[in-house]
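Undergrad: The structure file my_file_33.tsv (TSV, N, CA and C atoms) is provided below.
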```
chain	number	residue	atom	x	y	z
K	15	MET	N	12.27	-22.69	-5.47
K	15	MET	CA	11.40	-22.54	-6.61
K	15	MET	C	11.40	-21.08	-7.04
K	16	ALA	N	11.61	-20.83	-8.29
K	16	ALA	CA	11.63	-19.47	-8.81
K	16	ALA	C	10.23	-19.03	-9.21
K	17	THR	N	9.99	-17.76	-9.06
K	17	THR	CA	8.71	-17.19	-9.47
K	17	THR	C	8.98	-16.25	-10.63
K	18	THR	N	8.18	-16.39	-11.67
K	18	THR	CA	8.33	-15.52	-12.83
K	18	THR	C	7.11	-14.62	-12.91
K	19	ILE	N	7.34	-13.34	-13.11
K	19	ILE	CA	6.25	-12.40	-13.27
K	19	ILE	C	6.28	-11.90	-14.71
K	20	THR	N	5.18	-12.09	-15.41
K	20	THR	CA	5.10	-11.61	-16.78
K	20	THR	C	4.68	-10.16	-16.76
K	21	PRO	N	5.45	-9.28	-17.39
K	21	PRO	CA	5.06	-7.87	-17.39
K	21	PRO	C	3.76	-7.66	-18.15
K	22	LEU	N	2.93	-6.77	-17.66
K	22	LEU	CA	1.67	-6.46	-18.32
K	22	LEU	C	1.87	-5.28	-19.26
K	23	GLN	N	1.22	-5.33	-20.35
K	23	GLN	CA	1.30	-4.23	-21.30
K	23	GLN	C	0.38	-3.11	-20.85
K	24	PRO	N	0.88	-1.89	-20.72
K	24	PRO	CA	0.03	-0.77	-20.30
K	24	PRO	C	-1.13	-0.59	-21.28
K	25	GLY	N	-2.29	-0.31	-20.72
K	25	GLY	CA	-3.47	-0.03	-21.54
K	25	GLY	C	-4.23	-1.25	-22.00
K	26	THR	N	-3.78	-2.43	-21.63
K	26	THR	CA	-4.50	-3.63	-22.06
K	26	THR	C	-5.53	-4.02	-21.02
K	27	GLU	N	-6.47	-4.85	-21.44
K	27	GLU	CA	-7.48	-5.35	-20.51
K	27	GLU	C	-6.83	-6.17	-19.40
K	28	ALA	N	-5.80	-6.95	-19.74
K	28	ALA	CA	-5.12	-7.75	-18.72
K	28	ALA	C	-4.51	-6.85	-17.65
K	29	ALA	N	-3.90	-5.74	-18.08
K	29	ALA	CA	-3.30	-4.81	-17.12
K	29	ALA	C	-4.38	-4.20	-16.23
K	30	ALA	N	-5.51	-3.84	-16.81
K	30	ALA	CA	-6.59	-3.24	-16.03
K	30	ALA	C	-7.16	-4.24	-15.03
K	31	GLN	N	-7.34	-5.49	-15.44
K	31	GLN	CA	-7.86	-6.50	-14.53
K	31	GLN	C	-6.88	-6.76	-13.39
K	32	GLU	N	-5.60	-6.92	-13.71
K	32	GLU	CA	-4.59	-7.13	-12.68
K	32	GLU	C	-4.54	-5.94	-11.73
K	33	CYS	N	-4.65	-4.75	-12.28
K	33	CYS	CA	-4.63	-3.54	-11.47
K	33	CYS	C	-5.81	-3.52	-10.51
K	34	ALA	N	-6.99	-3.91	-11.00
K	34	ALA	CA	-8.18	-3.95	-10.14
K	34	ALA	C	-7.95	-4.85	-8.94
K	35	PHE	N	-7.42	-6.04	-9.18
K	35	PHE	CA	-7.21	-6.97	-8.08
K	35	PHE	C	-6.06	-6.55	-7.18
K	36	ALA	N	-5.03	-5.93	-7.75
K	36	ALA	CA	-3.90	-5.47	-6.95
K	36	ALA	C	-4.31	-4.32	-6.03
K	37	ILE	N	-5.10	-3.40	-6.55
K	37	ILE	CA	-5.50	-2.24	-5.76
K	37	ILE	C	-6.58	-2.58	-4.76
K	38	PHE	N	-7.62	-3.25	-5.22
K	38	PHE	CA	-8.79	-3.45	-4.38
K	38	PHE	C	-8.76	-4.75	-3.60
K	39	GLY	N	-8.03	-5.74	-4.06
K	39	GLY	CA	-7.95	-7.02	-3.36
K	39	GLY	C	-9.33	-7.56	-3.06
K	40	SER	N	-9.56	-7.91	-1.82
K	40	SER	CA	-10.85	-8.47	-1.42
K	40	SER	C	-11.93	-7.40	-1.32
K	41	ASP	N	-11.55	-6.12	-1.49
K	41	ASP	CA	-12.53	-5.03	-1.44
K	41	ASP	C	-13.23	-4.80	-2.77
K	42	ILE	N	-12.92	-5.63	-3.78
K	42	ILE	CA	-13.51	-5.41	-5.09
K	42	ILE	C	-15.01	-5.70	-5.04
K	43	PRO	N	-15.82	-4.77	-5.49
K	43	PRO	CA	-17.26	-5.00	-5.47
K	43	PRO	C	-17.63	-6.19	-6.36
K	44	PRO	N	-18.78	-6.80	-6.10
K	44	PRO	CA	-19.14	-8.02	-6.84
K	44	PRO	C	-19.71	-7.74	-8.23
K	45	PHE	N	-18.90	-7.18	-9.09
K	45	PHE	CA	-19.28	-7.01	-10.49
K	45	PHE	C	-18.03	-7.08	-11.34
K	46	GLY	N	-18.24	-7.36	-12.59
K	46	GLY	CA	-17.11	-7.51	-13.49
K	46	GLY	C	-17.28	-6.67	-14.73
K	47	PRO	N	-16.40	-6.87	-15.68
K	47	PRO	CA	-16.42	-6.04	-16.88
K	47	PRO	C	-17.67	-6.21	-17.71
K	48	GLU	N	-18.31	-7.37	-17.62
K	48	GLU	CA	-19.53	-7.57	-18.39
K	48	GLU	C	-20.61	-6.57	-18.00
K	49	ASP	N	-20.52	-6.04	-16.78
K	49	ASP	CA	-21.47	-5.02	-16.32
K	49	ASP	C	-21.16	-3.65	-16.91
K	50	TYR	N	-19.98	-3.47	-17.46
K	50	TYR	CA	-19.55	-2.16	-17.97
K	50	TYR	C	-18.97	-2.31	-19.36
K	51	ARG	N	-19.80	-2.68	-20.29
K	51	ARG	CA	-19.44	-2.79	-21.71
K	51	ARG	C	-18.25	-3.71	-21.96
K	52	GLY	N	-18.05	-4.70	-21.09
K	52	GLY	CA	-16.98	-5.67	-21.31
K	52	GLY	C	-15.57	-5.15	-21.11
K	53	SER	N	-15.41	-3.99	-20.49
K	53	SER	CA	-14.09	-3.40	-20.34
K	53	SER	C	-13.67	-3.33	-18.88
K	54	TRP	N	-12.53	-3.94	-18.57
K	54	TRP	CA	-12.00	-3.83	-17.21
K	54	TRP	C	-11.53	-2.41	-16.94
K	55	ARG	N	-11.08	-1.69	-17.97
K	55	ARG	CA	-10.65	-0.31	-17.76
K	55	ARG	C	-11.81	0.55	-17.29
K	56	THR	N	-12.99	0.35	-17.89
K	56	THR	CA	-14.18	1.07	-17.45
K	56	THR	C	-14.59	0.60	-16.06
K	57	ALA	N	-14.57	-0.72	-15.85
K	57	ALA	CA	-14.95	-1.28	-14.55
K	57	ALA	C	-14.04	-0.76	-13.44
K	58	LEU	N	-12.74	-0.61	-13.73
K	58	LEU	CA	-11.78	-0.14	-12.73
K	58	LEU	C	-12.16	1.26	-12.25
K	59	HIS	N	-12.55	2.12	-13.17
K	59	HIS	CA	-12.98	3.47	-12.80
K	59	HIS	C	-14.23	3.42	-11.92
K	60	VAL	N	-15.18	2.58	-12.30
K	60	VAL	CA	-16.43	2.46	-11.53
K	60	VAL	C	-16.15	1.88	-10.16
K	61	ILE	N	-15.26	0.89	-10.08
K	61	ILE	CA	-14.90	0.30	-8.79
K	61	ILE	C	-14.31	1.38	-7.89
K	62	GLY	N	-13.45	2.23	-8.43
K	62	GLY	CA	-12.86	3.31	-7.65
K	62	GLY	C	-13.92	4.25	-7.10
K	63	GLU	N	-14.89	4.60	-7.93
K	63	GLU	CA	-15.98	5.47	-7.47
K	63	GLU	C	-16.80	4.79	-6.37
K	64	GLU	N	-17.06	3.49	-6.54
K	64	GLU	CA	-17.80	2.74	-5.52
K	64	GLU	C	-17.02	2.74	-4.20
K	65	TRP	N	-15.72	2.49	-4.30
K	65	TRP	CA	-14.88	2.37	-3.11
K	65	TRP	C	-14.90	3.68	-2.33
K	66	VAL	N	-14.79	4.80	-3.04
K	66	VAL	CA	-14.83	6.11	-2.39
K	66	VAL	C	-16.23	6.40	-1.88
K	67	GLY	N	-17.24	6.13	-2.71
K	67	GLY	CA	-18.63	6.42	-2.34
K	67	GLY	C	-19.12	5.64	-1.13
K	68	GLU	N	-18.60	4.45	-0.94
K	68	GLU	CA	-19.00	3.62	0.20
K	68	GLU	C	-18.26	4.00	1.48
K	69	GLY	N	-17.37	4.95	1.40
K	69	GLY	CA	-16.62	5.36	2.58
K	69	GLY	C	-15.39	4.52	2.86
K	70	ARG	N	-15.04	3.63	1.96
K	70	ARG	CA	-13.88	2.78	2.19
K	70	ARG	C	-12.59	3.60	2.18
K	71	PHE	N	-12.53	4.63	1.35
K	71	PHE	CA	-11.37	5.52	1.30
K	71	PHE	C	-11.14	6.13	2.67
K	72	GLU	N	-12.20	6.68	3.24
K	72	GLU	CA	-12.10	7.31	4.57
K	72	GLU	C	-11.70	6.29	5.63
K	73	ARG	N	-12.33	5.13	5.61
K	73	ARG	CA	-12.01	4.09	6.61
K	73	ARG	C	-10.56	3.63	6.47
K	74	HIS	N	-10.09	3.51	5.23
K	74	HIS	CA	-8.71	3.10	5.03
K	74	HIS	C	-7.74	4.15	5.55
K	75	THR	N	-8.06	5.41	5.33
K	75	THR	CA	-7.21	6.50	5.81
K	75	THR	C	-7.13	6.47	7.34
K	76	VAL	N	-8.27	6.30	7.99
K	76	VAL	CA	-8.30	6.25	9.45
K	76	VAL	C	-7.55	5.02	9.96
K	77	ARG	N	-7.77	3.86	9.31
K	77	ARG	CA	-7.09	2.62	9.73
K	77	ARG	C	-5.58	2.78	9.60
K	78	THR	N	-5.13	3.40	8.51
K	78	THR	CA	-3.69	3.61	8.31
K	78	THR	C	-3.14	4.57	9.36
K	79	ALA	N	-3.84	5.66	9.63
K	79	ALA	CA	-3.39	6.61	10.66
K	79	ALA	C	-3.28	5.93	12.02
K	80	THR	N	-4.20	5.04	12.33
K	80	THR	CA	-4.17	4.32	13.61
K	80	THR	C	-2.93	3.44	13.71
K	81	VAL	N	-2.59	2.73	12.63
K	81	VAL	CA	-1.41	1.86	12.66
K	81	VAL	C	-0.13	2.69	12.71
K	82	ILE	N	-0.12	3.85	12.05
K	82	ILE	CA	1.05	4.74	12.14
K	82	ILE	C	1.25	5.16	13.60
K	83	ASN	N	0.17	5.53	14.27
K	83	ASN	CA	0.27	5.92	15.68
K	83	ASN	C	0.73	4.75	16.55
K	84	GLU	N	0.27	3.56	16.22
K	84	GLU	CA	0.70	2.37	16.96
K	84	GLU	C	2.20	2.14	16.76
K	85	LEU	N	2.69	2.37	15.53
K	85	LEU	CA	4.12	2.22	15.27
K	85	LEU	C	4.94	3.21	16.08
K	86	VAL	N	4.51	4.47	16.10
K	86	VAL	CA	5.23	5.49	16.87
K	86	VAL	C	5.28	5.10	18.35
K	87	ALA	N	4.15	4.66	18.90
K	87	ALA	CA	4.10	4.26	20.31
K	87	ALA	C	4.98	3.03	20.57
K	88	THR	N	4.97	2.08	19.65
K	88	THR	CA	5.79	0.87	19.80
K	88	THR	C	7.27	1.20	19.74
K	89	GLU	N	7.63	2.10	18.83
K	89	GLU	CA	9.04	2.50	18.74
K	89	GLU	C	9.51	3.24	19.99
K	90	ARG	N	8.63	4.04	20.58
K	90	ARG	CA	8.99	4.73	21.83
K	90	ARG	C	9.19	3.72	22.96
K	91	LEU	N	8.36	2.70	22.97
K	91	LEU	CA	8.38	1.72	24.06
K	91	LEU	C	9.53	0.72	23.90
K	92	PHE	N	9.70	0.19	22.67
K	92	PHE	CA	10.65	-0.90	22.46
K	92	PHE	C	11.87	-0.52	21.63
K	93	GLY	N	11.85	0.63	20.98
K	93	GLY	CA	12.95	1.03	20.10
K	93	GLY	C	12.61	0.81	18.63
K	94	ALA	N	13.23	1.63	17.79
K	94	ALA	CA	12.91	1.62	16.37
K	94	ALA	C	13.26	0.30	15.68
K	95	GLY	N	14.29	-0.37	16.09
K	95	GLY	CA	14.70	-1.61	15.43
K	95	GLY	C	14.20	-2.87	16.10
K	96	SER	N	13.31	-2.73	17.04
K	96	SER	CA	12.84	-3.88	17.82
K	96	SER	C	11.97	-4.82	16.99
K	97	PRO	N	11.89	-6.09	17.41
K	97	PRO	CA	11.00	-7.04	16.74
K	97	PRO	C	9.53	-6.60	16.82
K	98	GLU	N	9.16	-5.96	17.93
K	98	GLU	CA	7.79	-5.47	18.09
K	98	GLU	C	7.46	-4.40	17.05
K	99	ALA	N	8.42	-3.50	16.83
K	99	ALA	CA	8.23	-2.45	15.83
K	99	ALA	C	8.20	-3.06	14.43
K	100	ALA	N	9.01	-4.06	14.18
K	100	ALA	CA	9.03	-4.72	12.87
K	100	ALA	C	7.67	-5.36	12.56
K	101	GLU	N	7.02	-5.91	13.58
K	101	GLU	CA	5.69	-6.49	13.38
K	101	GLU	C	4.68	-5.42	12.94
K	102	VAL	N	4.75	-4.26	13.56
K	102	VAL	CA	3.83	-3.17	13.20
K	102	VAL	C	4.15	-2.67	11.79
K	103	VAL	N	5.42	-2.57	11.47
K	103	VAL	CA	5.83	-2.13	10.12
K	103	VAL	C	5.29	-3.11	9.07
K	104	ALA	N	5.33	-4.40	9.37
K	104	ALA	CA	4.83	-5.40	8.42
K	104	ALA	C	3.33	-5.22	8.18
K	105	ARG	N	2.58	-4.84	9.21
K	105	ARG	CA	1.14	-4.58	9.04
K	105	ARG	C	0.89	-3.26	8.33
K	106	LEU	N	1.80	-2.30	8.52
K	106	LEU	CA	1.63	-0.98	7.94
K	106	LEU	C	1.95	-0.94	6.44
K	107	ARG	N	2.90	-1.72	6.02
K	107	ARG	CA	3.38	-1.67	4.63
K	107	ARG	C	2.24	-1.82	3.60
K	108	PRO	N	1.36	-2.84	3.68
K	108	PRO	CA	0.29	-2.93	2.68
K	108	PRO	C	-0.72	-1.78	2.76
K	109	LEU	N	-0.91	-1.24	3.95
K	109	LEU	CA	-1.81	-0.10	4.09
K	109	LEU	C	-1.25	1.11	3.36
K	110	ILE	N	0.05	1.34	3.50
K	110	ILE	CA	0.70	2.46	2.83
K	110	ILE	C	0.68	2.26	1.32
K	111	ASP	N	0.89	1.02	0.87
K	111	ASP	CA	0.83	0.74	-0.57
K	111	ASP	C	-0.54	1.12	-1.14
K	112	ARG	N	-1.60	0.77	-0.42
K	112	ARG	CA	-2.94	1.11	-0.90
K	112	ARG	C	-3.14	2.63	-0.86
K	113	CYS	N	-2.58	3.31	0.14
K	113	CYS	CA	-2.65	4.77	0.17
K	113	CYS	C	-2.02	5.36	-1.09
K	114	ARG	N	-0.90	4.81	-1.50
K	114	ARG	CA	-0.23	5.30	-2.71
K	114	ARG	C	-1.12	5.11	-3.93
K	115	HIS	N	-1.78	3.96	-4.02
K	115	HIS	CA	-2.67	3.70	-5.16
K	115	HIS	C	-3.77	4.75	-5.25
K	116	PHE	N	-4.29	5.16	-4.12
K	116	PHE	CA	-5.42	6.07	-4.12
K	116	PHE	C	-5.03	7.53	-3.93
K	117	GLY	N	-3.74	7.79	-3.82
K	117	GLY	CA	-3.31	9.17	-3.69
K	117	GLY	C	-3.58	9.77	-2.32
K	118	ILE	N	-3.68	8.91	-1.31
K	118	ILE	CA	-3.85	9.40	0.06
K	118	ILE	C	-2.50	9.95	0.50
K	119	THR	N	-2.48	11.20	0.90
K	119	THR	CA	-1.23	11.88	1.22
K	119	THR	C	-0.95	11.87	2.73
K	120	THR	N	0.25	12.31	3.06
K	120	THR	CA	0.62	12.47	4.47
K	120	THR	C	-0.32	13.47	5.14
K	121	ALA	N	-0.68	14.52	4.42
K	121	ALA	CA	-1.61	15.52	4.96
K	121	ALA	C	-2.97	14.88	5.26
K	122	ASP	N	-3.45	14.00	4.37
K	122	ASP	CA	-4.72	13.29	4.62
K	122	ASP	C	-4.62	12.46	5.90
K	123	LEU	N	-3.49	11.77	6.05
K	123	LEU	CA	-3.29	10.93	7.24
K	123	LEU	C	-3.21	11.78	8.51
K	124	ARG	N	-2.54	12.92	8.42
K	124	ARG	CA	-2.46	13.82	9.59
K	124	ARG	C	-3.85	14.33	9.97
K	125	ARG	N	-4.67	14.67	8.96
K	125	ARG	CA	-6.04	15.13	9.25
K	125	ARG	C	-6.87	14.05	9.93
K	126	ARG	N	-6.49	12.79	9.72
K	126	ARG	CA	-7.22	11.68	10.35
K	126	ARG	C	-6.55	11.23	11.65
K	127	GLY	N	-5.57	12.03	12.12
K	127	GLY	CA	-4.99	11.77	13.44
K	127	GLY	C	-3.63	11.12	13.48
K	128	ALA	N	-3.01	10.87	12.33
K	128	ALA	CA	-1.69	10.25	12.34
K	128	ALA	C	-0.68	11.21	12.98
K	129	GLN	N	0.11	10.68	13.89
K	129	GLN	CA	1.14	11.45	14.58
K	129	GLN	C	2.49	10.96	14.09
K	130	PHE	N	3.01	11.61	13.04
K	130	PHE	CA	4.30	11.21	12.50
K	130	PHE	C	5.42	11.66	13.43
K	131	PRO	N	6.47	10.82	13.57
K	131	PRO	CA	7.58	11.22	14.44
K	131	PRO	C	8.32	12.42	13.87
K	132	GLU	N	8.84	13.24	14.75
K	132	GLU	CA	9.64	14.41	14.35
K	132	GLU	C	11.01	13.91	13.95
K	133	ASN	N	11.56	14.48	12.89
K	133	ASN	CA	12.90	14.06	12.43
K	133	ASN	C	13.97	14.85	13.14
```
Please render this file's structure as C-alpha coordinates.

TA:
Amino acid sequence: MATTITPLQPGTEAAAQECAFAIFGSDIPPFGPEDYRGSWRTALHVIGEEWVGEGRFERHTVRTATVINELVATERLFGAGSPEAAEVVARLRPLIDRCRHFGITTADLRRRGAQFPEN
(Lines of atoms letter the chains of each structure in order from A and count residues from 1; the text may use other names and numbers.)
(Lines give C-alpha, C1' and ligand atoms only; values in the text may rest on other atoms or scores of the structure.)
Protein backbone atom coordinates (compact mmCIF):
# COMPACT_ATOMS: atom_id res chain seq x y z
CA MET A 1 0.00 0.00 0.00
CA ALA A 2 1.42 3.38 -0.98
CA THR A 3 1.30 6.39 1.28
CA THR A 4 0.88 9.84 -0.19
CA ILE A 5 1.91 12.94 1.70
CA THR A 6 0.37 16.19 0.57
CA PRO A 7 2.84 19.05 0.90
CA LEU A 8 1.72 21.85 3.19
CA GLN A 9 1.87 25.41 2.04
CA PRO A 10 4.20 27.48 4.25
CA GLY A 11 2.40 30.09 6.32
CA THR A 12 -1.01 28.47 6.15
CA GLU A 13 -3.15 27.44 9.09
CA ALA A 14 -2.91 23.81 7.94
CA ALA A 15 0.89 23.99 8.05
CA ALA A 16 0.83 25.52 11.53
CA GLN A 17 -1.59 22.88 12.85
CA GLU A 18 0.45 20.03 11.34
CA CYS A 19 3.60 21.60 12.75
CA ALA A 20 2.04 21.77 16.23
CA PHE A 21 1.21 18.09 16.21
CA ALA A 22 4.53 17.08 14.62
CA ILE A 23 6.60 19.00 17.16
CA PHE A 24 4.60 18.53 20.32
CA GLY A 25 2.85 15.22 19.66
CA SER A 26 1.13 14.07 22.83
CA ASP A 27 2.79 16.95 24.72
CA ILE A 28 0.41 19.49 23.17
CA PRO A 29 -1.39 21.40 25.90
CA PRO A 30 -5.19 21.04 25.97
CA PHE A 31 -6.11 24.16 24.02
CA GLY A 32 -6.66 25.00 20.43
CA PRO A 33 -6.69 27.93 18.08
CA GLU A 34 -10.09 29.10 19.27
CA ASP A 35 -8.31 30.12 22.49
CA TYR A 36 -5.93 32.35 20.51
CA ARG A 37 -7.97 34.37 18.03
CA GLY A 38 -8.64 31.31 15.86
CA SER A 39 -5.05 31.07 14.64
CA TRP A 40 -2.92 27.94 14.86
CA ARG A 41 0.13 30.10 14.12
CA THR A 42 -0.54 32.11 17.27
CA ALA A 43 -1.41 28.95 19.22
CA LEU A 44 1.86 27.32 18.10
CA HIS A 45 3.87 30.16 19.62
CA VAL A 46 1.89 29.95 22.87
CA ILE A 47 2.29 26.17 22.99
CA GLY A 48 6.06 26.61 22.66
CA GLU A 49 6.11 29.07 25.55
CA GLU A 50 4.02 26.68 27.66
CA TRP A 51 6.30 23.76 26.82
CA VAL A 52 9.39 25.70 27.89
CA GLY A 53 7.68 27.29 30.91
CA GLU A 54 6.53 23.93 32.25
CA GLY A 55 10.08 22.61 32.19
CA ARG A 56 9.43 20.16 29.37
CA PHE A 57 12.35 21.59 27.38
CA GLU A 58 14.72 20.88 30.27
CA ARG A 59 13.28 17.40 30.87
CA HIS A 60 13.57 16.56 27.19
CA THR A 61 17.19 17.70 27.12
CA VAL A 62 18.02 15.54 30.14
CA ARG A 63 16.10 12.54 28.73
CA THR A 64 17.97 12.85 25.42
CA ALA A 65 21.35 13.15 27.17
CA THR A 66 20.55 10.00 29.16
CA VAL A 67 19.75 7.99 26.02
CA ILE A 68 22.92 9.29 24.32
CA ASN A 69 24.93 8.02 27.29
CA GLU A 70 23.09 4.70 27.11
CA LEU A 71 24.01 4.44 23.42
CA VAL A 72 27.69 5.10 24.13
CA ALA A 73 27.70 2.45 26.88
CA THR A 74 25.85 -0.06 24.67
CA GLU A 75 28.27 0.49 21.80
CA ARG A 76 31.24 -0.08 24.13
CA LEU A 77 29.67 -3.28 25.43
CA PHE A 78 28.22 -4.78 22.24
CA GLY A 79 29.81 -2.83 19.36
CA ALA A 80 28.59 0.04 17.22
CA GLY A 81 26.73 -2.12 14.69
CA SER A 82 25.13 -4.48 17.18
CA PRO A 83 21.38 -5.14 17.37
CA GLU A 84 21.46 -3.81 20.95
CA ALA A 85 22.94 -0.51 19.76
CA ALA A 86 20.39 -0.35 16.94
CA GLU A 87 17.58 -0.58 19.50
CA VAL A 88 18.99 2.39 21.42
CA VAL A 89 19.45 4.35 18.18
CA ALA A 90 15.78 3.72 17.32
CA ARG A 91 14.75 5.23 20.69
CA LEU A 92 17.17 8.12 20.28
CA ARG A 93 16.13 9.20 16.79
CA PRO A 94 12.75 10.81 17.74
CA LEU A 95 14.37 12.51 20.73
CA ILE A 96 17.00 14.08 18.48
CA ASP A 97 14.32 15.15 15.99
CA ARG A 98 12.51 17.02 18.76
CA CYS A 99 15.82 18.59 19.85
CA ARG A 100 16.21 19.93 16.31
CA HIS A 101 12.70 21.41 16.40
CA PHE A 102 13.47 23.30 19.58
CA GLY A 103 17.04 24.26 18.77
CA ILE A 104 18.55 22.13 21.53
CA THR A 105 22.25 22.00 20.66
CA THR A 106 25.06 19.55 21.33
CA ALA A 107 26.36 22.05 23.89
CA ASP A 108 22.96 21.98 25.68
CA LEU A 109 23.10 18.19 25.76
CA ARG A 110 26.68 18.21 27.08
CA ARG A 111 25.66 20.62 29.86
CA ARG A 112 22.98 18.09 30.82
CA GLY A 113 25.54 15.28 31.02
CA ALA A 114 25.66 13.77 27.54
CA GLN A 115 28.97 12.02 26.94
CA PHE A 116 29.52 12.06 23.19
CA PRO A 117 32.07 9.55 21.85
CA GLU A 118 35.45 10.93 20.78
CA ASN A 119 36.04 10.75 17.03

Undergrad: For Arg125 of chain K, which of K:Arg90, K:Arg70, K:Thr75, K:Glu64 is the closest residue, counting only C-alpha atoms?

TA: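 Result for the nearest residue to Arg125 of chain K: K:Thr75.
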
Undergrad: Which distance in Å separates atom N of Arg105 of chain K and atom C of Ala87 of chain K, to one decimal?

TA: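 It comes out at 14.0 Å.
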
Undergrad: Could you pull out the residues in segment 47-126 of chain K that DSSP calls helix (DSSP H, G or I) from the backbone, as an MDAnalysis selection string?

TA: chainID K and resid 47:49 54:67 70:92 97:116 120:125

Undergrad: Between atom N of Pro97 of chain K and atom CA of Glu84 of chain K, what distance in Å does the model show, to one decimal?

TA: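 Computing the Euclidean distance for atom N of Pro97 of chain K and atom CA of Glu84 of chain K yields 14.0 Å.
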
Undergrad: Hey, can you check how far atom CA of Arg126 of chain K sits from atom C of Ile82 of chain K?

TA: 11.2 Å

Undergrad: Of the candidates K:Val76, K:Gly67, K:Ile110, K:Val102, which shows the shortest atom-to-atom distance to Glu89 of chain K, using only C-alpha atoms?

TA: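 Looking at the shortest contact to Glu89 of chain K, the residue is K:Val102.
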